[in-house]
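This is upload.pdb (PDB, N, CA and C atoms).
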ATOM      1  N   MET A  48      23.971-105.638 226.547
ATOM      2  CA  MET A  48      22.544-105.488 226.761
ATOM      3  C   MET A  48      22.033-104.299 225.954
ATOM      4  N   ASP A  49      20.942-104.487 225.224
ATOM      5  CA  ASP A  49      20.354-103.412 224.423
ATOM      6  C   ASP A  49      19.589-102.443 225.318
ATOM      7  N   LYS A  50      19.614-101.177 224.898
ATOM      8  CA  LYS A  50      18.852-100.159 225.614
ATOM      9  C   LYS A  50      17.366-100.322 225.318
ATOM     10  N   LYS A  51      16.551 -99.947 226.285
ATOM     11  CA  LYS A  51      15.100 -99.899 226.060
ATOM     12  C   LYS A  51      14.815 -98.735 225.134
ATOM     13  N   ARG A  52      13.829 -98.889 224.295
ATOM     14  CA  ARG A  52      13.380 -97.809 223.414
ATOM     15  C   ARG A  52      11.987 -97.405 223.860
ATOM     16  N   LEU A  53      11.846 -96.150 224.309
ATOM     17  CA  LEU A  53      10.593 -95.694 224.896
ATOM     18  C   LEU A  53      10.072 -94.440 224.202
ATOM     19  N   VAL A  54       8.755 -94.355 224.110
ATOM     20  CA  VAL A  54       8.088 -93.156 223.611
ATOM     21  C   VAL A  54       7.348 -92.559 224.802
ATOM     22  N   VAL A  55       7.664 -91.282 225.108
ATOM     23  CA  VAL A  55       7.117 -90.622 226.291
ATOM     24  C   VAL A  55       6.713 -89.200 225.923
ATOM     25  N   SER A  56       5.640 -88.733 226.520
ATOM     26  CA  SER A  56       5.231 -87.344 226.351
ATOM     27  C   SER A  56       6.140 -86.452 227.184
ATOM     28  N   TYR A  57       6.434 -85.245 226.672
ATOM     29  CA  TYR A  57       7.322 -84.315 227.382
ATOM     30  C   TYR A  57       6.808 -84.020 228.786
ATOM     31  N   SER A  58       5.497 -83.971 228.950
ATOM     32  CA  SER A  58       4.929 -83.659 230.266
ATOM     33  C   SER A  58       5.108 -84.799 231.266
ATOM     34  N   ASN A  59       5.507 -85.986 230.799
ATOM     35  CA  ASN A  59       5.659 -87.139 231.685
ATOM     36  C   ASN A  59       7.105 -87.602 231.866
ATOM     37  N   VAL A  60       8.089 -86.822 231.424
ATOM     38  CA  VAL A  60       9.476 -87.267 231.543
ATOM     39  C   VAL A  60       9.966 -87.133 232.985
ATOM     40  N   THR A  61      10.906 -87.975 233.322
ATOM     41  CA  THR A  61      11.494 -87.954 234.663
ATOM     42  C   THR A  61      12.542 -86.842 234.737
ATOM     43  N   PRO A  62      12.927 -86.449 235.942
ATOM     44  CA  PRO A  62      13.979 -85.426 236.077
ATOM     45  C   PRO A  62      15.294 -85.847 235.403
ATOM     46  N   GLU A  63      15.604 -87.133 235.418
ATOM     47  CA  GLU A  63      16.819 -87.628 234.764
ATOM     48  C   GLU A  63      16.766 -87.379 233.254
ATOM     49  N   VAL A  64      15.627 -87.654 232.644
ATOM     50  CA  VAL A  64      15.464 -87.449 231.203
ATOM     51  C   VAL A  64      15.439 -85.954 230.890
ATOM     52  N   LEU A  65      14.806 -85.176 231.747
ATOM     53  CA  LEU A  65      14.771 -83.725 231.557
ATOM     54  C   LEU A  65      16.180 -83.142 231.575
ATOM     55  N   GLU A  66      17.026 -83.638 232.447
ATOM     56  CA  GLU A  66      18.415 -83.190 232.499
ATOM     57  C   GLU A  66      19.174 -83.603 231.233
ATOM     58  N   ALA A  67      18.894 -84.797 230.718
ATOM     59  CA  ALA A  67      19.523 -85.253 229.474
ATOM     60  C   ALA A  67      19.098 -84.369 228.301
ATOM     61  N   ILE A  68      17.849 -83.913 228.303
ATOM     62  CA  ILE A  68      17.358 -83.000 227.258
ATOM     63  C   ILE A  68      18.115 -81.675 227.345
ATOM     64  N   ARG A  69      18.270 -81.162 228.554
ATOM     65  CA  ARG A  69      18.985 -79.887 228.743
ATOM     66  C   ARG A  69      20.433 -79.969 228.278
ATOM     67  N   LYS A  70      21.069 -81.114 228.514
ATOM     68  CA  LYS A  70      22.457 -81.291 228.084
ATOM     69  C   LYS A  70      22.576 -81.418 226.571
ATOM     70  N   LYS A  71      21.657 -82.177 225.966
ATOM     71  CA  LYS A  71      21.724 -82.395 224.519
ATOM     72  C   LYS A  71      21.313 -81.152 223.734
ATOM     73  N   TYR A  72      20.345 -80.402 224.245
ATOM     74  CA  TYR A  72      19.823 -79.220 223.549
ATOM     75  C   TYR A  72      19.963 -77.978 224.439
ATOM     76  N   PRO A  73      21.180 -77.506 224.688
ATOM     77  CA  PRO A  73      21.354 -76.363 225.594
ATOM     78  C   PRO A  73      20.726 -75.069 225.066
ATOM     79  N   LEU A  74      20.582 -74.944 223.765
ATOM     80  CA  LEU A  74      19.970 -73.741 223.184
ATOM     81  C   LEU A  74      18.509 -73.956 222.840
ATOM     82  N   GLY A  75      17.940 -75.073 223.255
ATOM     83  CA  GLY A  75      16.553 -75.390 222.956
ATOM     84  C   GLY A  75      16.469 -76.419 221.840
ATOM     85  N   TYR A  76      15.355 -77.103 221.778
ATOM     86  CA  TYR A  76      15.203 -78.188 220.807
ATOM     87  C   TYR A  76      14.345 -77.813 219.603
ATOM     88  N   SER A  77      13.925 -76.577 219.480
ATOM     89  CA  SER A  77      12.983 -76.198 218.420
ATOM     90  C   SER A  77      13.499 -76.486 217.010
ATOM     91  N   ASN A  78      14.806 -76.458 216.795
ATOM     92  CA  ASN A  78      15.361 -76.747 215.470
ATOM     93  C   ASN A  78      15.690 -78.226 215.283
ATOM     94  N   HIS A  79      15.332 -79.058 216.258
ATOM     95  CA  HIS A  79      15.673 -80.478 216.203
ATOM     96  C   HIS A  79      14.441 -81.381 216.261
ATOM     97  N   VAL A  80      13.270 -80.803 216.130
ATOM     98  CA  VAL A  80      12.027 -81.566 216.208
ATOM     99  C   VAL A  80      11.836 -82.346 214.914
ATOM    100  N   ILE A  81      11.420 -83.605 215.061
ATOM    101  CA  ILE A  81      11.147 -84.440 213.895
ATOM    102  C   ILE A  81       9.664 -84.799 213.872
ATOM    103  N   LYS A  82       9.156 -85.058 212.695
ATOM    104  CA  LYS A  82       7.761 -85.469 212.525
ATOM    105  C   LYS A  82       7.746 -86.991 212.427
ATOM    106  N   VAL A  83       6.984 -87.628 213.296
ATOM    107  CA  VAL A  83       6.907 -89.084 213.338
ATOM    108  C   VAL A  83       5.524 -89.505 212.874
ATOM    109  N   LYS A  84       5.489 -90.270 211.788
ATOM    110  CA  LYS A  84       4.208 -90.747 211.259
ATOM    111  C   LYS A  84       3.787 -92.023 211.972
ATOM    112  N   THR A  85       2.496 -92.129 212.208
ATOM    113  CA  THR A  85       1.933 -93.335 212.803
ATOM    114  C   THR A  85       0.969 -93.958 211.791
ATOM    115  N   LYS A  86       0.078 -94.783 212.245
ATOM    116  CA  LYS A  86      -0.866 -95.437 211.345
ATOM    117  C   LYS A  86      -1.727 -94.414 210.610
ATOM    118  N   GLY A  87      -1.987 -94.680 209.342
ATOM    119  CA  GLY A  87      -2.855 -93.804 208.561
ATOM    120  C   GLY A  87      -2.234 -92.444 208.348
ATOM    121  N   ASP A  88      -3.034 -91.405 208.557
ATOM    122  CA  ASP A  88      -2.564 -90.033 208.362
ATOM    123  C   ASP A  88      -2.132 -89.375 209.669
ATOM    124  N   ASP A  89      -2.089 -90.127 210.750
ATOM    125  CA  ASP A  89      -1.736 -89.570 212.052
ATOM    126  C   ASP A  89      -0.222 -89.375 212.169
ATOM    127  N   PHE A  90       0.159 -88.400 212.988
ATOM    128  CA  PHE A  90       1.576 -88.136 213.248
ATOM    129  C   PHE A  90       1.711 -87.354 214.547
ATOM    130  N   PHE A  91       2.933 -87.273 215.032
ATOM    131  CA  PHE A  91       3.249 -86.422 216.180
ATOM    132  C   PHE A  91       4.658 -85.897 215.990
ATOM    133  N   TYR A  92       5.002 -84.876 216.768
ATOM    134  CA  TYR A  92       6.336 -84.296 216.713
ATOM    135  C   TYR A  92       7.118 -84.747 217.938
ATOM    136  N   ALA A  93       8.431 -84.981 217.742
ATOM    137  CA  ALA A  93       9.223 -85.512 218.840
ATOM    138  C   ALA A  93      10.678 -85.092 218.730
ATOM    139  N   ILE A  94      11.397 -85.291 219.819
ATOM    140  CA  ILE A  94      12.853 -85.147 219.859
ATOM    141  C   ILE A  94      13.415 -86.463 220.389
ATOM    142  N   THR A  95      14.695 -86.680 220.188
ATOM    143  CA  THR A  95      15.327 -87.894 220.689
ATOM    144  C   THR A  95      16.338 -87.539 221.767
ATOM    145  N   VAL A  96      16.477 -88.429 222.720
ATOM    146  CA  VAL A  96      17.485 -88.268 223.766
ATOM    147  C   VAL A  96      17.807 -89.655 224.330
ATOM    148  N   ASP A  97      19.055 -89.838 224.713
ATOM    149  CA  ASP A  97      19.502 -91.114 225.271
ATOM    150  C   ASP A  97      19.970 -90.930 226.706
ATOM    151  N   THR A  98      19.700 -91.926 227.519
ATOM    152  CA  THR A  98      20.269 -92.012 228.855
ATOM    153  C   THR A  98      21.080 -93.306 228.911
ATOM    154  N   GLU A  99      21.635 -93.609 230.052
ATOM    155  CA  GLU A  99      22.449 -94.818 230.170
ATOM    156  C   GLU A  99      21.657 -96.091 229.903
ATOM    157  N   ASP A 100      20.385 -96.094 230.314
ATOM    158  CA  ASP A 100      19.604 -97.323 230.205
ATOM    159  C   ASP A 100      18.514 -97.312 229.142
ATOM    160  N   ALA A 101      18.255 -96.167 228.493
ATOM    161  CA  ALA A 101      17.159 -96.125 227.518
ATOM    162  C   ALA A 101      17.395 -95.070 226.439
ATOM    163  N   SER A 102      16.741 -95.304 225.315
ATOM    164  CA  SER A 102      16.719 -94.348 224.216
ATOM    165  C   SER A 102      15.283 -93.856 224.094
ATOM    166  N   TYR A 103      15.101 -92.530 224.197
ATOM    167  CA  TYR A 103      13.755 -91.966 224.265
ATOM    168  C   TYR A 103      13.381 -91.230 222.986
ATOM    169  N   LEU A 104      12.121 -91.385 222.628
ATOM    170  CA  LEU A 104      11.479 -90.557 221.620
ATOM    171  C   LEU A 104      10.450 -89.769 222.416
ATOM    172  N   ILE A 105      10.685 -88.479 222.552
ATOM    173  CA  ILE A 105       9.860 -87.657 223.442
ATOM    174  C   ILE A 105       8.911 -86.794 222.621
ATOM    175  N   LYS A 106       7.611 -87.025 222.816
ATOM    176  CA  LYS A 106       6.589 -86.239 222.119
ATOM    177  C   LYS A 106       6.604 -84.820 222.677
ATOM    178  N   VAL A 107       6.706 -83.845 221.768
ATOM    179  CA  VAL A 107       6.735 -82.446 222.192
ATOM    180  C   VAL A 107       5.606 -81.676 221.528
ATOM    181  N   PRO A 108       5.062 -80.686 222.231
ATOM    182  CA  PRO A 108       4.026 -79.854 221.622
ATOM    183  C   PRO A 108       4.652 -78.904 220.605
ATOM    184  N   VAL A 109       3.980 -78.729 219.482
ATOM    185  CA  VAL A 109       4.468 -77.832 218.435
ATOM    186  C   VAL A 109       3.370 -76.836 218.117
ATOM    187  N   LYS A 110       3.727 -75.579 218.154
ATOM    188  CA  LYS A 110       2.784 -74.520 217.808
ATOM    189  C   LYS A 110       3.113 -74.054 216.401
ATOM    190  N   ILE A 111       2.147 -74.164 215.512
ATOM    191  CA  ILE A 111       2.348 -73.755 214.129
ATOM    192  C   ILE A 111       1.687 -72.405 213.923
ATOM    193  N   ASP A 112       2.455 -71.457 213.399
ATOM    194  CA  ASP A 112       1.951 -70.108 213.169
ATOM    195  C   ASP A 112       1.110 -70.103 211.904
ATOM    196  N   THR A 113      -0.191 -69.860 212.054
ATOM    197  CA  THR A 113      -1.083 -69.834 210.902
ATOM    198  C   THR A 113      -1.603 -68.435 210.611
ATOM    199  N   LYS A 114      -1.089 -67.436 211.320
ATOM    200  CA  LYS A 114      -1.520 -66.062 211.078
ATOM    201  C   LYS A 114      -0.952 -65.575 209.753
ATOM    202  N   ALA A 115      -1.775 -64.862 209.000
ATOM    203  CA  ALA A 115      -1.322 -64.306 207.725
ATOM    204  C   ALA A 115      -0.734 -62.927 207.957
ATOM    205  N   ASN A 116       0.236 -62.559 207.149
ATOM    206  CA  ASN A 116       0.788 -61.211 207.213
ATOM    207  C   ASN A 116      -0.250 -60.224 206.711
ATOM    208  N   LEU A 117      -0.200 -59.006 207.183
ATOM    209  CA  LEU A 117      -1.160 -57.997 206.751
ATOM    210  C   LEU A 117      -1.023 -57.693 205.266
ATOM    211  N   ASN A 118       0.179 -57.858 204.721
ATOM    212  CA  ASN A 118       0.415 -57.552 203.313
ATOM    213  C   ASN A 118       0.129 -58.725 202.390
ATOM    214  N   ASP A 119      -0.367 -59.835 202.920
ATOM    215  CA  ASP A 119      -0.642 -60.998 202.078
ATOM    216  C   ASP A 119      -1.786 -60.743 201.104
ATOM    217  N   ASP A 120      -2.638 -59.754 201.389
ATOM    218  CA  ASP A 120      -3.750 -59.461 200.489
ATOM    219  C   ASP A 120      -3.298 -58.732 199.234
ATOM    220  N   ASP A 121      -2.107 -58.131 199.267
ATOM    221  CA  ASP A 121      -1.606 -57.404 198.112
ATOM    222  C   ASP A 121      -1.002 -58.375 197.108
ATOM    223  N   PRO A 122      -1.576 -58.440 195.904
ATOM    224  CA  PRO A 122      -0.961 -59.326 194.912
ATOM    225  C   PRO A 122       0.408 -58.799 194.489
ATOM    226  N   LEU A 123       1.309 -59.707 194.193
ATOM    227  CA  LEU A 123       2.660 -59.315 193.813
ATOM    228  C   LEU A 123       2.673 -58.515 192.514
ATOM    229  N   GLU A 124       1.728 -58.791 191.631
ATOM    230  CA  GLU A 124       1.688 -58.055 190.365
ATOM    231  C   GLU A 124       1.495 -56.560 190.612
ATOM    232  N   ASP A 125       0.623 -56.222 191.570
ATOM    233  CA  ASP A 125       0.383 -54.810 191.868
ATOM    234  C   ASP A 125       1.639 -54.143 192.419
ATOM    235  N   ILE A 126       2.371 -54.859 193.254
ATOM    236  CA  ILE A 126       3.593 -54.297 193.819
ATOM    237  C   ILE A 126       4.608 -54.051 192.716
ATOM    238  N   ASN A 127       4.768 -55.001 191.819
ATOM    239  CA  ASN A 127       5.718 -54.846 190.717
ATOM    240  C   ASN A 127       5.305 -53.722 189.773
ATOM    241  N   ASP A 128       4.018 -53.586 189.495
ATOM    242  CA  ASP A 128       3.548 -52.513 188.615
ATOM    243  C   ASP A 128       3.833 -51.142 189.217
ATOM    244  N   GLU A 129       3.641 -51.025 190.534
ATOM    245  CA  GLU A 129       3.897 -49.741 191.175
ATOM    246  C   GLU A 129       5.367 -49.364 191.068
ATOM    247  N   LYS A 130       6.252 -50.317 191.265
ATOM    248  CA  LYS A 130       7.678 -50.024 191.195
ATOM    249  C   LYS A 130       8.078 -49.630 189.780
ATOM    250  N   GLU A 131       7.542 -50.323 188.804
ATOM    251  CA  GLU A 131       7.895 -50.004 187.420
ATOM    252  C   GLU A 131       7.355 -48.639 187.020
ATOM    253  N   SER A 132       6.176 -48.269 187.508
ATOM    254  CA  SER A 132       5.593 -46.991 187.119
ATOM    255  C   SER A 132       6.332 -45.821 187.772
ATOM    256  N   ASP A 133       6.963 -46.051 188.916
ATOM    257  CA  ASP A 133       7.698 -44.981 189.586
ATOM    258  C   ASP A 133       9.028 -44.680 188.898
ATOM    259  N   ASP A 134       9.615 -45.666 188.265
ATOM    260  CA  ASP A 134      10.913 -45.493 187.629
ATOM    261  C   ASP A 134      10.725 -45.042 186.183
ATOM    262  N   SER A 135      11.566 -44.120 185.752
ATOM    263  CA  SER A 135      11.515 -43.715 184.347
ATOM    264  C   SER A 135      12.793 -44.170 183.678
ATOM    265  N   TYR A 136      12.646 -44.852 182.578
ATOM    266  CA  TYR A 136      13.785 -45.382 181.843
ATOM    267  C   TYR A 136      13.844 -44.770 180.452
ATOM    268  N   SER A 137      13.634 -43.492 180.351
ATOM    269  CA  SER A 137      13.611 -42.851 179.039
ATOM    270  C   SER A 137      14.980 -42.889 178.364
ATOM    271  N   ASP A 138      16.054 -42.953 179.149
ATOM    272  CA  ASP A 138      17.390 -42.991 178.560
ATOM    273  C   ASP A 138      17.655 -44.289 177.822
ATOM    274  N   SER A 139      16.994 -45.355 178.207
ATOM    275  CA  SER A 139      17.281 -46.643 177.596
ATOM    276  C   SER A 139      16.455 -46.896 176.335
ATOM    277  N   GLU A 140      15.493 -46.019 176.049
ATOM    278  CA  GLU A 140      14.677 -46.205 174.854
ATOM    279  C   GLU A 140      15.473 -45.774 173.626
ATOM    280  N   PRO A 141      15.308 -46.487 172.522
ATOM    281  CA  PRO A 141      16.019 -46.091 171.310
ATOM    282  C   PRO A 141      15.547 -44.721 170.814
ATOM    283  N   SER A 142      16.471 -43.979 170.337
ATOM    284  CA  SER A 142      16.150 -42.642 169.849
ATOM    285  C   SER A 142      15.507 -42.737 168.474
ATOM    286  N   THR A 143      14.462 -41.926 168.257
ATOM    287  CA  THR A 143      13.779 -41.919 166.967
ATOM    288  C   THR A 143      14.262 -40.764 166.107
ATOM    289  N   GLU A 144      15.090 -39.910 166.705
ATOM    290  CA  GLU A 144      15.619 -38.780 165.921
ATOM    291  C   GLU A 144      16.750 -39.271 165.057
ATOM    292  N   SER A 145      16.856 -38.711 163.885
ATOM    293  CA  SER A 145      17.952 -39.103 163.006
ATOM    294  C   SER A 145      19.157 -38.235 163.321
ATOM    295  N   GLU A 146      20.309 -38.856 163.338
ATOM    296  CA  GLU A 146      21.534 -38.128 163.631
ATOM    297  C   GLU A 146      22.217 -37.821 162.310
ATOM    298  N   ASP A 147      22.494 -36.561 162.016
ATOM    299  CA  ASP A 147      23.150 -36.143 160.764
ATOM    300  C   ASP A 147      24.473 -35.526 161.020
TER
END
Show how you would write the structure in this file as structure tokens.
Amino acid sequence: MDKKRLVVSYSNVTPEVLEAIRKKYPLGYSNHVIKVKTKGDDFFYAITVDTEDASYLIKVPVKIDTKANLNDDDPLEDINDEKESDDSYSDSEPSTESED
């Protein structure tokens, strides 16, 4: 007999499925989330888990960090110029004095 294939929201899972999630992902599922595309440009994020009678695709909420770092306003060119200006490489320049 084939297992049922079900799509369920994380907030609606049964205690049995919740226990299966805990067993499969003891350290958390954040590194196991997959992006599932639907019709058009729509999609959702989910994890998979199996029980004895069903195979679940569980929709999970995903928080995407959109905050910018404070240093993102600094262009990389300015940072590189500052580092180069602090260092002196006079030893590596060819000598213009004649050696006799």
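Counting only N, CA and C atoms and comparing A:Leu74, A:Val55, A:Val80, A:Val64, the residue that lies closest to A:Asp97 is A:Val64.
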DSSP helix (DSSP H, G or I) residues within stretch 57-97 of chain A, as a list in words: Tyr57, Ser58, Asn59, Pro62, Glu63, Val64, Leu65, Glu66, Ala67, Ile68, Arg69, Lys70, Lys71, Ser77, Asn78 and His79 of chain A
Residues within 6.5 Å of A:Ile68, only N, CA and C atoms, excluding chain neighbours under 5 positions, as JSON, numbers by chain: {"A": [63, 73, 96]}
Exercise: residues within 7 Å of coordinate (14.2, -99.7, 226.5), counting only N, CA and C atoms, as an MDAnalysis selection string: chainID A and resid 49:53 100:102
Atom-to-atom span, atom CA of A:Tyr103 and atom N of A:Val54, Å: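 Atom N of A:Val54 lies at a distance of 5.5 Å from atom CA of A:Tyr103.
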Pairwise distance for atom CA of A:Val107 and atom CA of A:Asn78, rounded to one decimal in Å: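 Value for the atom CA of A:Val107-atom CA of A:Asn78 distance: 12.3 Å.
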Interatomic distance, atom N of A:Lys70 to atom CA of A:Thr85 (Å, one decimal):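 Between atom N of A:Lys70 and atom CA of A:Thr85 the gap works out to 27.6 Å.
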Write out as AutoDock Vina command-line options an axis-aligned box for stretch 105-113 of chain A: all of its atoms listed in the file, 4 Å added on each side, centre and edge lengths in Å with one decimal.
--center_x 4.5 --center_y -78.5 --center_z 217.0 --size_x 20.3 --size_y 28.0 --size_z 20.8
Picked residues, the PyMOL selection byres (((chain A and resi 108 and name CA) around 10) and name CA), as a list in words: Ser56, Tyr57, Ser58, Val80, Phe91, Tyr92, Ala93, Ile105, Lys106, Val107, Val109, Lys110 and Ile111 of chain A
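Counting all atoms listed in the file and comparing A:Leu104, A:Ala67, A:Val60, A:Ile94, the residue that lies closest to A:Lys82 is A:Ile94.
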